[in-house]
$ cat model.cif   # mmCIF, C-alpha atoms
data_protein
loop_
_atom_site.label_atom_id
_atom_site.label_comp_id
_atom_site.auth_asym_id
_atom_site.auth_seq_id
_atom_site.Cartn_x
_atom_site.Cartn_y
_atom_site.Cartn_z
CA MET A 1 -221.56 96.35 39.93
CA GLU A 2 -218.52 95.24 37.94
CA GLU A 3 -219.39 92.98 35.01
CA ARG A 4 -218.69 89.36 35.74
CA LYS A 5 -216.71 87.29 33.26
CA ASN A 6 -216.22 83.88 34.87
CA LEU A 7 -218.10 80.59 35.16
CA ILE A 8 -217.81 77.79 37.69
CA VAL A 9 -218.97 74.21 37.25
CA GLY A 10 -219.29 71.27 39.62
CA GLN A 11 -220.34 67.61 39.57
CA SER A 12 -222.26 65.84 42.29
CA GLY A 13 -223.87 62.52 43.22
CA GLY A 14 -223.06 59.17 41.69
CA PRO A 15 -220.86 59.31 38.56
CA THR A 16 -221.78 58.04 35.10
CA ALA A 17 -220.02 57.25 31.83
CA ALA A 18 -221.42 60.50 30.38
CA ILE A 19 -221.08 63.07 33.17
CA ASN A 20 -217.70 64.22 31.86
CA ALA A 21 -219.17 64.72 28.40
CA SER A 22 -221.51 67.27 30.00
CA LEU A 23 -218.51 68.86 31.71
CA ALA A 24 -216.78 69.06 28.33
CA GLY A 25 -219.91 70.69 26.92
CA VAL A 26 -220.00 73.26 29.71
CA TYR A 27 -216.32 74.08 29.24
CA CYS A 28 -216.60 74.38 25.45
CA GLY A 29 -219.77 76.43 25.82
CA ALA A 30 -218.09 78.79 28.27
CA LYS A 31 -215.15 79.34 25.91
CA HIS A 32 -217.48 79.75 22.92
CA PHE A 33 -219.54 82.42 24.69
CA GLY A 34 -216.48 84.35 25.81
CA PHE A 35 -216.02 83.66 29.52
CA GLU A 36 -212.53 84.68 30.59
CA LYS A 37 -212.11 81.96 33.21
CA VAL A 38 -213.76 78.57 33.66
CA TYR A 39 -213.36 77.20 37.17
CA GLY A 40 -214.15 73.73 38.45
CA MET A 41 -215.26 72.76 41.95
CA ARG A 42 -213.30 69.84 43.35
CA PHE A 43 -215.72 67.48 45.10
CA GLY A 44 -218.89 69.40 44.37
CA ILE A 45 -220.47 72.07 46.54
CA GLU A 46 -218.78 70.62 49.63
CA GLY A 47 -215.33 71.09 48.11
CA PHE A 48 -216.32 74.52 46.81
CA LEU A 49 -217.17 75.65 50.37
CA ASN A 50 -213.61 74.65 51.31
CA GLU A 51 -212.31 76.65 48.31
CA LYS A 52 -211.12 73.60 46.45
CA ILE A 53 -211.29 75.31 43.08
CA VAL A 54 -209.30 74.58 39.92
CA ASP A 55 -208.71 76.54 36.72
CA LEU A 56 -209.97 74.26 33.95
CA ASP A 57 -208.05 76.21 31.32
CA GLU A 58 -204.92 74.55 32.70
CA THR A 59 -206.13 70.99 32.04
CA LEU A 60 -208.72 71.19 29.24
CA ASN A 61 -206.34 73.09 27.01
CA SER A 62 -206.40 70.95 23.87
CA GLU A 63 -208.84 69.21 21.55
CA LEU A 64 -207.32 65.86 22.55
CA ASN A 65 -208.00 66.51 26.24
CA ILE A 66 -211.62 67.41 25.47
CA GLU A 67 -212.05 64.17 23.50
CA LEU A 68 -210.37 62.17 26.27
CA LEU A 69 -212.61 63.82 28.86
CA LYS A 70 -215.71 62.73 26.93
CA ARG A 71 -214.42 59.12 27.06
CA THR A 72 -213.45 59.19 30.75
CA PRO A 73 -215.83 57.61 33.29
CA SER A 74 -216.51 58.83 36.83
CA SER A 75 -216.56 62.53 37.78
CA TYR A 76 -213.43 64.31 36.63
CA LEU A 77 -213.87 67.07 39.19
CA GLY A 78 -214.83 64.69 41.98
CA SER A 79 -218.20 64.45 43.68
CA CYS A 80 -219.97 64.74 47.02
CA ARG A 81 -223.26 64.02 48.74
CA TYR A 82 -223.69 67.23 50.69
CA LYS A 83 -227.10 68.62 51.63
CA LEU A 84 -227.26 72.39 51.92
CA PRO A 85 -229.33 73.82 54.78
CA LYS A 86 -232.54 75.72 54.13
CA PRO A 87 -231.67 79.09 52.56
CA GLU A 88 -232.27 81.90 55.06
CA ALA A 89 -230.84 85.39 55.28
CA GLY A 90 -227.61 85.45 57.26
CA ASN A 91 -226.94 81.71 57.03
CA GLU A 92 -223.17 81.20 57.43
CA VAL A 93 -222.93 78.46 54.78
CA TYR A 94 -224.48 80.66 52.11
CA GLN A 95 -222.56 83.73 53.22
CA LYS A 96 -219.34 81.81 52.70
CA ALA A 97 -220.50 80.42 49.34
CA PHE A 98 -221.42 83.82 47.96
CA GLU A 99 -218.25 85.42 49.27
CA LEU A 100 -216.32 82.85 47.24
CA LEU A 101 -218.49 83.50 44.18
CA GLU A 102 -217.69 87.20 44.52
CA LYS A 103 -214.00 86.48 45.03
CA TYR A 104 -213.79 84.56 41.75
CA SER A 105 -216.10 87.00 39.91
CA ILE A 106 -218.57 84.27 38.99
CA ASP A 107 -221.43 85.15 36.67
CA VAL A 108 -222.81 81.65 36.03
CA PHE A 109 -222.82 78.65 38.38
CA VAL A 110 -223.45 75.28 36.66
CA TYR A 111 -224.04 72.07 38.61
CA ILE A 112 -224.19 68.64 36.96
CA GLY A 113 -226.09 66.00 38.91
CA GLY A 114 -229.28 64.14 39.79
CA ASN A 115 -232.19 64.66 42.16
CA ASP A 116 -230.16 65.78 45.16
CA SER A 117 -227.85 67.97 43.06
CA MET A 118 -230.85 69.85 41.70
CA ASP A 119 -231.69 70.57 45.35
CA THR A 120 -228.39 72.49 45.45
CA ILE A 121 -229.37 74.60 42.41
CA LEU A 122 -232.78 75.25 43.97
CA LYS A 123 -231.34 76.45 47.26
CA MET A 124 -228.48 78.49 45.81
CA SER A 125 -230.82 80.30 43.42
CA GLU A 126 -233.29 80.96 46.24
CA TYR A 127 -230.58 82.47 48.41
CA ALA A 128 -229.42 84.60 45.48
CA LYS A 129 -232.93 86.06 45.31
CA ILE A 130 -232.93 86.72 49.06
CA ILE A 131 -229.75 88.82 48.87
CA GLY A 132 -230.35 90.25 45.40
CA SER A 133 -227.36 88.54 43.77
CA PRO A 134 -227.23 88.59 39.94
CA ILE A 135 -225.42 85.24 39.73
CA LYS A 136 -227.21 82.68 37.56
CA PHE A 137 -227.65 79.06 38.69
CA VAL A 138 -228.21 76.33 36.10
CA GLY A 139 -228.63 72.58 36.60
CA ILE A 140 -227.50 69.94 34.10
CA PRO A 141 -229.21 66.56 34.62
CA LYS A 142 -227.23 63.39 35.21
CA THR A 143 -228.08 59.96 36.51
CA ILE A 144 -227.96 56.38 35.33
CA ASP A 145 -231.20 55.88 37.30
CA ASN A 146 -233.11 58.00 34.73
CA ASP A 147 -235.48 59.05 37.51
CA LEU A 148 -235.56 62.84 37.09
CA PRO A 149 -239.00 64.26 36.26
CA VAL A 150 -239.74 66.58 33.32
CA THR A 151 -236.86 65.36 31.15
CA ASP A 152 -237.54 62.52 28.71
CA HIS A 153 -234.32 60.86 29.87
CA THR A 154 -231.08 61.75 31.60
CA PRO A 155 -227.49 61.84 30.33
CA GLY A 156 -225.73 58.72 31.56
CA TYR A 157 -228.76 56.47 31.27
CA GLY A 158 -228.22 55.45 27.65
CA SER A 159 -224.64 54.30 28.21
CA ALA A 160 -225.50 52.42 31.40
CA ALA A 161 -228.51 50.79 29.68
CA LYS A 162 -226.27 49.73 26.80
CA TYR A 163 -223.83 48.13 29.26
CA ILE A 164 -226.61 46.37 31.19
CA ALA A 165 -228.14 44.92 28.02
CA THR A 166 -224.73 43.68 26.88
CA CYS A 167 -223.96 42.09 30.26
CA ILE A 168 -227.34 40.35 30.41
CA SER A 169 -226.82 38.87 26.95
CA GLU A 170 -223.39 37.55 27.99
CA VAL A 171 -224.64 36.19 31.33
CA VAL A 172 -227.45 34.35 29.53
CA ARG A 173 -224.89 32.70 27.23
CA ASP A 174 -222.72 31.73 30.21
CA SER A 175 -225.65 30.27 32.16
CA ASN A 176 -226.34 27.79 29.35
CA VAL A 177 -222.90 26.15 29.46
CA TYR A 178 -223.90 23.15 31.61
CA ASP A 179 -226.80 20.72 31.22
CA LEU A 180 -228.32 21.30 34.65
CA LYS A 181 -231.00 23.36 36.36
CA SER A 182 -229.86 26.82 37.44
CA VAL A 183 -231.11 30.31 38.28
CA THR A 184 -228.82 33.33 37.95
CA PHE A 185 -229.77 36.64 39.57
CA VAL A 186 -228.15 39.78 38.14
CA GLU A 187 -228.42 42.72 40.53
CA ILE A 188 -228.73 46.13 38.89
CA MET A 189 -228.75 49.61 40.44
CA GLY A 190 -232.04 51.41 41.06
CA ARG A 191 -233.51 52.34 44.42
CA ASN A 192 -237.12 53.28 43.71
CA ALA A 193 -237.22 53.43 39.91
CA GLY A 194 -236.48 50.48 37.67
CA TRP A 195 -235.37 52.23 34.48
CA LEU A 196 -231.90 50.69 34.55
CA THR A 197 -233.07 47.19 35.41
CA ALA A 198 -235.68 47.43 32.66
CA ALA A 199 -232.80 47.93 30.20
CA ALA A 200 -232.15 44.19 30.58
CA ALA A 201 -235.04 43.77 28.12
CA LEU A 202 -232.88 45.40 25.41
CA ALA A 203 -230.60 42.35 25.43
CA LYS A 204 -233.13 40.32 23.44
CA ASN A 205 -232.88 40.65 19.69
CA SER A 206 -232.40 38.43 16.61
CA PHE A 207 -228.90 37.45 17.76
CA ASN A 208 -229.10 37.50 21.56
CA ASP A 209 -231.31 36.18 24.36
CA GLY A 210 -232.58 38.32 27.20
CA ALA A 211 -233.50 37.80 30.84
CA ASP A 212 -236.40 35.50 31.68
CA PHE A 213 -237.67 37.77 34.44
CA ILE A 214 -237.14 41.45 35.26
CA LEU A 215 -237.94 42.44 38.84
CA LEU A 216 -238.66 46.16 39.23
CA PRO A 217 -239.05 48.29 42.37
CA GLU A 218 -242.31 49.69 40.97
CA ILE A 219 -243.93 46.26 41.48
CA GLY A 220 -244.11 44.72 44.96
CA LEU A 221 -242.67 41.19 44.93
CA ASN A 222 -244.73 38.31 46.29
CA LEU A 223 -241.79 36.03 46.95
CA LYS A 224 -243.82 32.89 47.57
CA GLU A 225 -245.69 33.34 44.29
CA PHE A 226 -242.44 34.08 42.44
CA ILE A 227 -240.83 30.89 43.75
CA ASN A 228 -243.77 28.86 42.41
CA ILE A 229 -243.50 30.58 39.02
CA LEU A 230 -239.75 29.91 38.92
CA GLY A 231 -240.33 26.26 39.72
CA ASN A 232 -242.81 25.92 36.87
CA ARG A 233 -240.47 27.65 34.44
CA LEU A 234 -237.63 25.31 35.42
CA ASN A 235 -239.82 22.41 34.31
CA GLU A 236 -239.75 23.94 30.84
CA LYS A 237 -236.23 25.39 30.71
CA ASN A 238 -233.00 24.44 32.44
CA ASN A 239 -231.35 27.84 32.92
CA ILE A 240 -233.14 30.95 34.13
CA VAL A 241 -231.68 34.48 34.28
CA VAL A 242 -233.39 37.08 36.47
CA ALA A 243 -232.53 40.79 36.26
CA VAL A 244 -233.32 42.30 39.65
CA SER A 245 -233.23 45.86 40.89
CA GLU A 246 -231.33 46.45 44.12
CA GLY A 247 -234.41 48.34 45.32
CA ILE A 248 -237.14 45.74 44.89
CA LYS A 249 -239.64 45.67 47.74
CA ASP A 250 -242.04 43.14 49.17
CA GLN A 251 -245.78 43.70 48.95
CA ASN A 252 -245.68 45.74 52.17
CA GLY A 253 -243.26 48.23 50.64
CA ASN A 254 -240.18 47.04 52.54
CA TYR A 255 -236.87 46.72 50.68
CA ILE A 256 -235.77 43.12 50.24
CA SER A 257 -232.26 44.15 51.25
CA GLU A 258 -231.24 47.32 53.07
CA ASP A 259 -228.63 48.44 55.57
CA GLU A 260 -230.61 50.12 58.35
CA GLY A 261 -227.52 51.67 59.88
CA ASN A 262 -226.01 53.17 56.74
CA VAL A 263 -227.59 56.26 55.18
CA ASP A 264 -226.22 59.14 53.13
CA ALA A 265 -226.57 62.89 53.73
CA PHE A 266 -229.98 62.91 52.07
CA GLY A 267 -231.32 60.06 54.24
CA HIS A 268 -231.15 57.34 51.56
CA LYS A 269 -230.57 53.87 53.00
CA MET A 270 -227.76 51.90 51.40
CA LEU A 271 -228.99 48.88 49.45
CA SER A 272 -226.99 45.80 48.53
CA GLY A 273 -227.15 42.04 48.50
CA THR A 274 -230.60 41.67 46.90
CA ALA A 275 -229.38 39.14 44.31
CA ALA A 276 -227.43 37.20 46.95
CA TYR A 277 -230.49 37.06 49.20
CA LEU A 278 -232.71 35.76 46.39
CA ALA A 279 -230.10 33.25 45.19
CA LYS A 280 -229.80 31.77 48.68
CA LYS A 281 -233.57 31.65 49.09
CA ILE A 282 -234.22 29.95 45.74
CA LYS A 283 -231.46 27.41 46.28
CA SER A 284 -233.03 26.48 49.60
CA GLU A 285 -236.60 26.32 48.27
CA LEU A 286 -236.06 24.71 44.86
CA GLY A 287 -232.81 22.82 45.37
CA VAL A 288 -231.20 24.08 42.15
CA LYS A 289 -227.88 25.73 41.45
CA THR A 290 -228.06 29.49 41.89
CA ARG A 291 -225.66 32.34 41.33
CA ALA A 292 -225.73 36.03 42.26
CA VAL A 293 -224.02 38.53 39.96
CA GLU A 294 -223.76 42.08 41.31
CA ILE A 295 -222.64 44.42 38.54
CA ASN A 296 -222.29 47.26 41.06
CA THR A 297 -220.25 50.31 40.00
CA LEU A 298 -219.27 48.79 36.65
CA GLN A 299 -222.63 49.85 35.20
CA ARG A 300 -221.81 53.51 35.77
CA ALA A 301 -218.13 53.31 34.82
CA ALA A 302 -218.20 51.36 31.56
CA ALA A 303 -216.96 54.07 29.22
CA HIS A 304 -215.80 51.41 26.74
CA LEU A 305 -219.49 50.81 25.92
CA GLN A 306 -220.70 54.39 25.77
CA SER A 307 -223.74 55.16 23.66
CA LYS A 308 -222.85 57.77 21.06
CA THR A 309 -226.36 59.19 21.35
CA ASP A 310 -225.82 59.56 25.10
CA ILE A 311 -222.41 61.24 24.81
CA ASP A 312 -223.49 63.63 22.06
CA GLU A 313 -226.59 64.65 24.03
CA ALA A 314 -224.64 64.99 27.29
CA PHE A 315 -222.18 67.36 25.60
CA ASN A 316 -224.94 69.41 23.96
CA ILE A 317 -227.01 69.84 27.10
CA GLY A 318 -223.93 71.11 28.97
CA PHE A 319 -223.13 73.54 26.16
CA LEU A 320 -226.69 74.87 26.05
CA GLY A 321 -226.80 75.17 29.84
CA VAL A 322 -224.10 77.82 29.56
CA LYS A 323 -226.15 79.61 26.92
CA ALA A 324 -229.17 79.64 29.26
CA GLY A 325 -227.05 81.20 32.01
CA ILE A 326 -225.72 84.04 29.88
CA GLU A 327 -229.27 84.71 28.66
CA GLY A 328 -230.26 85.43 32.25
CA GLU A 329 -231.92 82.13 33.19
CA THR A 330 -231.50 81.06 36.82
CA GLY A 331 -233.03 78.42 39.06
CA VAL A 332 -233.52 76.17 36.03
CA MET A 333 -232.60 72.68 34.87
CA MET A 334 -231.94 71.88 31.23
CA TYR A 335 -233.88 68.88 29.94
CA PHE A 336 -234.62 66.73 26.88
CA ASP A 337 -237.96 67.01 25.11
CA ARG A 338 -238.46 64.06 22.74
CA VAL A 339 -240.22 65.27 19.62
CA ASN A 340 -239.92 62.17 17.45
CA ASP A 341 -239.33 58.43 17.85
CA ALA A 342 -238.48 57.35 14.30
CA PRO A 343 -236.19 58.91 13.41
CA TYR A 344 -235.34 59.72 17.00
CA LEU A 345 -235.06 63.40 17.88
CA SER A 346 -234.89 65.22 21.21
CA ILE A 347 -234.35 68.93 21.74
CA VAL A 348 -232.98 70.72 24.79
CA ARG A 349 -235.28 72.97 26.82
CA LYS A 350 -235.22 74.44 30.33
CA CYS A 351 -237.65 74.20 33.24
CA ASP A 352 -238.11 75.65 36.71
CA ILE A 353 -235.92 73.75 39.16
CA ASN A 354 -238.87 73.44 41.56
CA LEU A 355 -240.40 70.92 39.15
CA VAL A 356 -237.37 68.64 39.51
CA ALA A 357 -235.54 68.90 42.84
CA ASN A 358 -236.12 65.96 45.21
CA ILE A 359 -238.73 64.31 42.94
CA GLU A 360 -238.36 60.82 41.45
CA LYS A 361 -239.87 59.53 38.20
CA GLU A 362 -240.84 55.87 38.02
CA ILE A 363 -241.55 53.68 35.00
CA PRO A 364 -245.19 54.13 33.93
CA ARG A 365 -247.30 51.08 34.83
CA GLY A 366 -248.44 50.95 31.21
CA TRP A 367 -244.84 50.18 30.16
CA ILE A 368 -244.60 47.17 32.51
CA SER A 369 -245.93 43.75 31.50
CA GLU A 370 -249.27 42.69 32.94
CA ASP A 371 -247.71 40.03 35.17
CA GLY A 372 -245.19 42.57 36.54
CA PHE A 373 -242.15 40.47 35.57
CA GLY A 374 -240.96 42.46 32.58
CA VAL A 375 -241.57 45.45 30.31
CA ASN A 376 -243.49 45.77 27.06
CA GLU A 377 -242.89 47.29 23.63
CA LYS A 378 -243.62 50.81 24.87
CA PHE A 379 -240.47 50.69 26.99
CA ILE A 380 -238.44 49.06 24.19
CA GLU A 381 -239.47 51.80 21.73
CA TYR A 382 -238.54 54.44 24.32
CA ALA A 383 -235.14 53.01 25.26
CA LYS A 384 -233.72 51.67 22.00
CA PRO A 385 -232.70 55.04 20.51
CA LEU A 386 -230.87 55.97 23.71
CA ILE A 387 -228.32 53.14 23.38
CA ALA A 388 -227.64 53.71 19.69
CA GLY A 389 -224.18 54.27 18.27
CA GLU A 390 -220.64 53.80 19.54
CA LEU A 391 -217.85 56.25 20.26
CA SER A 392 -214.49 55.52 18.67
CA ASN A 393 -211.96 54.52 21.32
CA ILE A 394 -208.70 56.34 21.95
CA VAL A 395 -206.40 53.47 22.87
CA CYS A 396 -203.02 53.38 24.62
CA GLU A 397 -201.14 50.12 25.19
CA GLY A 398 -204.22 48.07 24.40
CA ILE A 399 -206.80 49.76 26.63
CA GLN A 400 -209.03 52.80 26.32
CA SER A 401 -207.34 56.00 27.41
CA HIS A 402 -208.72 58.54 29.87
CA ILE A 403 -207.76 62.11 30.66
CA VAL A 404 -205.08 62.44 33.34
CA SER A 405 -206.70 62.73 36.78
CA LEU A 406 -206.70 65.99 38.70
CA LYS A 407 -204.41 66.03 41.70
#
$ encode --input "model.cif" --output "structure tokens"
Amino acid sequence: MEERKNLIVGQSGGPTAAINASLAGVYCGAKHFGFEKVYGMRFGIEGFLNEKIVDLDETLNSELNIELLKRTPSSYLGSCRYKLPKPEAGNEVYQKAFELLEKYSIDVFVYIGGNDSMDTILKMSEYAKIIGSPIKFVGIPKTIDNDLPVTDHTPGYGSAAKYIATCISEVVRDSNVYDLKSVTFVEIMGRNAGWLTAAAALAKNSFNDGADFILLPEIGLNLKEFINILGNRLNEKNNIVVAVSEGIKDQNGNYISEDEGNVDAFGHKMLSGTAAYLAKKIKSELGVKTRAVEINTLQRAAAHLQSKTDIDEAFNIGFLGVKAGIEGETGVMMYFDRVNDAPYLSIVRKCDINLVANIEKEIPRGWISEDGFGVNEKFIEYAKPLIAGELSNIVCEGIQSHIVSLK
């Protein structure tokens, strides 16, 4: 068979402030290791199946563009939530996919994403085995939710955690403006794992105050008990700030707020309005001023508050993913293995994709406070290094600049 000389990369799932740093790492790795062409999938595997493919050499053709890409939020190539069918010989979807891979002489296929995206790497690599294809399939982790197993943490989490901690500190200051009783609920992303909401604890330091309560999906909420606790706290303190995960559940395991009629391709119910629900309930029960703040997509798009640790690691793991592919690894995900806390050090390794795809990692119970309304020092020690450092901004007309969007 003719030697292959090209690489293709795609992005999938929800974007982050670091996903493009991984893309930059993949591109730079591909050029470093001598690939002739580096292609990008527009809108993930779904766009790839429709042959929406771009030549990245045409847009990432300067050092400035690479640096801008690292500072650009969202997914530069576009994303999708597309679930591949079960890989079986003769399946039309896979036949089309591998015909396109042959057409573009692809040797290594890299996919940057979270739980569901790793399902794509799993299935594509399995089908390659079925038909005896030599193409290598490598997954690069990504998710602000930080809920992928095996890896110590995921690219994108550190920057989102940094933004959450900053927002909580600012909301706490704002809540103390008036001399009255109030409760502010700040809704943070996280369906079944509370890693991002737990980052609210990082707001508290010698100069800033943190949230009074942190409600995590790992702990079932007894709403009646929580209302009593809130009432007692308001006797001691005028203004209360509660960081709440969008995915908190009651003690029966039911989401506090979910849209029964709205699900994605992987069957995940859409969650929203948790803070608004709690604010309305507390106002009714306790008769105090309440406010609901839903940070929403800002927490995954705040490139102006990127963690330098996060961006550097995101770039490196993309670069080393290419190296794994040319060394013959397939059906793997690259991951971080933390080898030291102080000074912080993580190294990049690879694992079998079967250990990752469609599996969620929750916060260990031992990292959550005994009362279930916060996290302890074990979490703080884990998370602090991930938000360290700042990236220098590239500014145009007073605001941070991003790479020009693909058409």
$ residues_near_point --input "model.cif" --point "(-236.1, 50.3, 34.4)" --cutoff "9 Å" --atoms "all atoms listed in the file" --output "VMD selection string"
chain A and resid 145 to 146 161 190 193 to 200 214 216 to 217 245 362 to 363 375 379
$ closest_residue --input "model.cif" --among "A:Leu355, A:Leu77, A:Ile229, A:Val395" --to "Ile112 (chain A)" --atoms "all atoms listed in the file"
A:Leu77
$ residues_around --input "model.cif" --residues "Cys80 (chain A)" --least-positions-apart "4" --cutoff "7 Å" --atoms "all atoms listed in the file" --output "list in words"
Ser12, Gly13, Phe43, Gly44 and Glu46 of chain A
$ resolve_selection --input "model.cif" --expression "the PyMOL selection byres ((chain A and resi 94) around 10)" --output "ChimeraX atom specification"
/A:49,84-93,95-100,123-124,127-128
$ closest_residue --input "model.cif" --among "A:Lys83, A:Glu377, A:Val404, A:Asp337" --to "Leu122 (chain A)" --atoms "only C-alpha atoms"
A:Lys83
$ closest_residue --input "model.cif" --among "A:Ala275, A:Ile45, A:Leu286, A:Ile188" --to "Leu230 (chain A)" --atoms "all atoms listed in the file"
A:Leu286
$ atom_distance --input "model.cif" --atom1 "CA of Ser182 (chain A)" --atom2 "CA of Phe373 (chain A)"
18.5 Å
$ atom_distance --input "model.cif" --atom1 "CA of Glu381 (chain A)" --atom2 "CA of Asn296 (chain A)"
26.3 Å
$ closest_atom_pairs --input "model.cif" --of "region 203-316 of chain A" --to "region 61-75 of chain A" --cutoff "10 Å" --atoms "all atoms listed in the file" --output "tab-separated table"
residue	atom	partner	partner_atom	distance
A:Thr297	CA	A:Ser74	CA	9.8
A:Arg300	CA	A:Ser74	CA	7.6
A:Ala301	CA	A:Pro73	CA	5.1
A:Ala302	CA	A:Pro73	CA	6.9
A:Ala303	CA	A:Pro73	CA	5.5
A:His304	CA	A:Arg71	CA	7.8
A:Leu305	CA	A:Arg71	CA	9.8
A:Gln306	CA	A:Arg71	CA	8.0
A:Ile311	CA	A:Lys70	CA	7.2
A:Asp312	CA	A:Lys70	CA	9.2
A:Ala314	CA	A:Lys70	CA	9.2
A:Phe315	CA	A:Lys70	CA	8.1
$ atom_distance --input "model.cif" --atom1 "CA of Gly156 (chain A)" --atom2 "CA of Lys37 (chain A)"
27.0 Å
$ residues_around --input "model.cif" --residues "Gly374 (chain A)" --least-positions-apart "4" --cutoff "7 Å" --atoms "all atoms listed in the file" --output "number ranges by chain"
A: 213-215, 368-369
$ residues_around --input "model.cif" --residues "Gly273 (chain A)" --least-positions-apart "4" --cutoff "9 Å" --atoms "only C-alpha atoms" --output "PyMOL selection string"
chain A and resi 187+246+256-258+277-278+292+294
$ closest_residue --input "model.cif" --among "A:Ile131, A:Leu56, A:Ile8, A:Ile353" --to "Ser117 (chain A)" --atoms "all atoms listed in the file"
A:Ile353
$ residues_around --input "model.cif" --residues "Asp174 (chain A)" --least-positions-apart "4" --cutoff "12 Å" --atoms "all atoms listed in the file" --output "PyMOL selection string"
chain A and resi 167-170+178-179+182-184+209+239-241+291+293
$ resolve_selection --input "model.cif" --expression "the PyMOL selection byres ((chain A and resi 251) around 10)" --output "list in words"
Ile219, Gly220, Leu221, Asn222, Leu223, Ile248, Lys249, Asp250, Asn252, Gly253, Asn254 and Tyr255 of chain A
$ build_atoms --input "model.cif" --residues "region 291-302 of chain A" --atoms "N, CA, C and O atoms" --output "JSON list (two decimals), in the coordinates of the input"
[["chain", "number", "residue", "atom", "x", "y", "z"],
["A", 291, "ARG", "N", -226.82, 31.45, 41.33],
["A", 291, "ARG", "CA", -225.66, 32.34, 41.33],
["A", 291, "ARG", "C", -226.16, 33.77, 41.42],
["A", 291, "ARG", "O", -227.19, 34.13, 40.84],
["A", 292, "ALA", "N", -225.43, 34.60, 42.15],
["A", 292, "ALA", "CA", -225.73, 36.03, 42.26],
["A", 292, "ALA", "C", -224.62, 36.82, 41.59],
["A", 292, "ALA", "O", -223.45, 36.64, 41.92],
["A", 293, "VAL", "N", -224.98, 37.67, 40.65],
["A", 293, "VAL", "CA", -224.02, 38.53, 39.96],
["A", 293, "VAL", "C", -224.39, 39.97, 40.28],
["A", 293, "VAL", "O", -225.48, 40.44, 39.94],
["A", 294, "GLU", "N", -223.51, 40.67, 40.97],
["A", 294, "GLU", "CA", -223.76, 42.08, 41.31],
["A", 294, "GLU", "C", -222.85, 42.95, 40.45],
["A", 294, "GLU", "O", -221.64, 43.01, 40.66],
["A", 295, "ILE", "N", -223.44, 43.61, 39.46],
["A", 295, "ILE", "CA", -222.64, 44.42, 38.54],
["A", 295, "ILE", "C", -222.06, 45.65, 39.24],
["A", 295, "ILE", "O", -220.98, 46.12, 38.91],
["A", 296, "ASN", "N", -222.78, 46.18, 40.19],
["A", 296, "ASN", "CA", -222.29, 47.26, 41.06],
["A", 296, "ASN", "C", -221.83, 48.47, 40.26],
["A", 296, "ASN", "O", -222.49, 48.89, 39.32],
["A", 297, "THR", "N", -220.67, 49.04, 40.61],
["A", 297, "THR", "CA", -220.25, 50.31, 40.00],
["A", 297, "THR", "C", -219.84, 50.18, 38.53],
["A", 297, "THR", "O", -219.72, 51.19, 37.85],
["A", 298, "LEU", "N", -219.66, 48.96, 38.05],
["A", 298, "LEU", "CA", -219.27, 48.79, 36.65],
["A", 298, "LEU", "C", -220.31, 49.40, 35.70],
["A", 298, "LEU", "O", -219.97, 49.92, 34.65],
["A", 299, "GLN", "N", -221.58, 49.35, 36.09],
["A", 299, "GLN", "CA", -222.63, 49.85, 35.20],
["A", 299, "GLN", "C", -222.59, 51.36, 35.03],
["A", 299, "GLN", "O", -223.14, 51.89, 34.06],
["A", 300, "ARG", "N", -221.93, 52.06, 35.92],
["A", 300, "ARG", "CA", -221.81, 53.51, 35.77],
["A", 300, "ARG", "C", -220.41, 53.95, 35.35],
["A", 300, "ARG", "O", -220.15, 55.13, 35.19],
["A", 301, "ALA", "N", -219.52, 52.98, 35.15],
["A", 301, "ALA", "CA", -218.13, 53.31, 34.82],
["A", 301, "ALA", "C", -217.67, 52.73, 33.49],
["A", 301, "ALA", "O", -216.52, 52.87, 33.12],
["A", 302, "ALA", "N", -218.60, 52.09, 32.76],
["A", 302, "ALA", "CA", -218.20, 51.36, 31.56],
["A", 302, "ALA", "C", -218.12, 52.27, 30.34],
["A", 302, "ALA", "O", -218.94, 52.20, 29.43]]
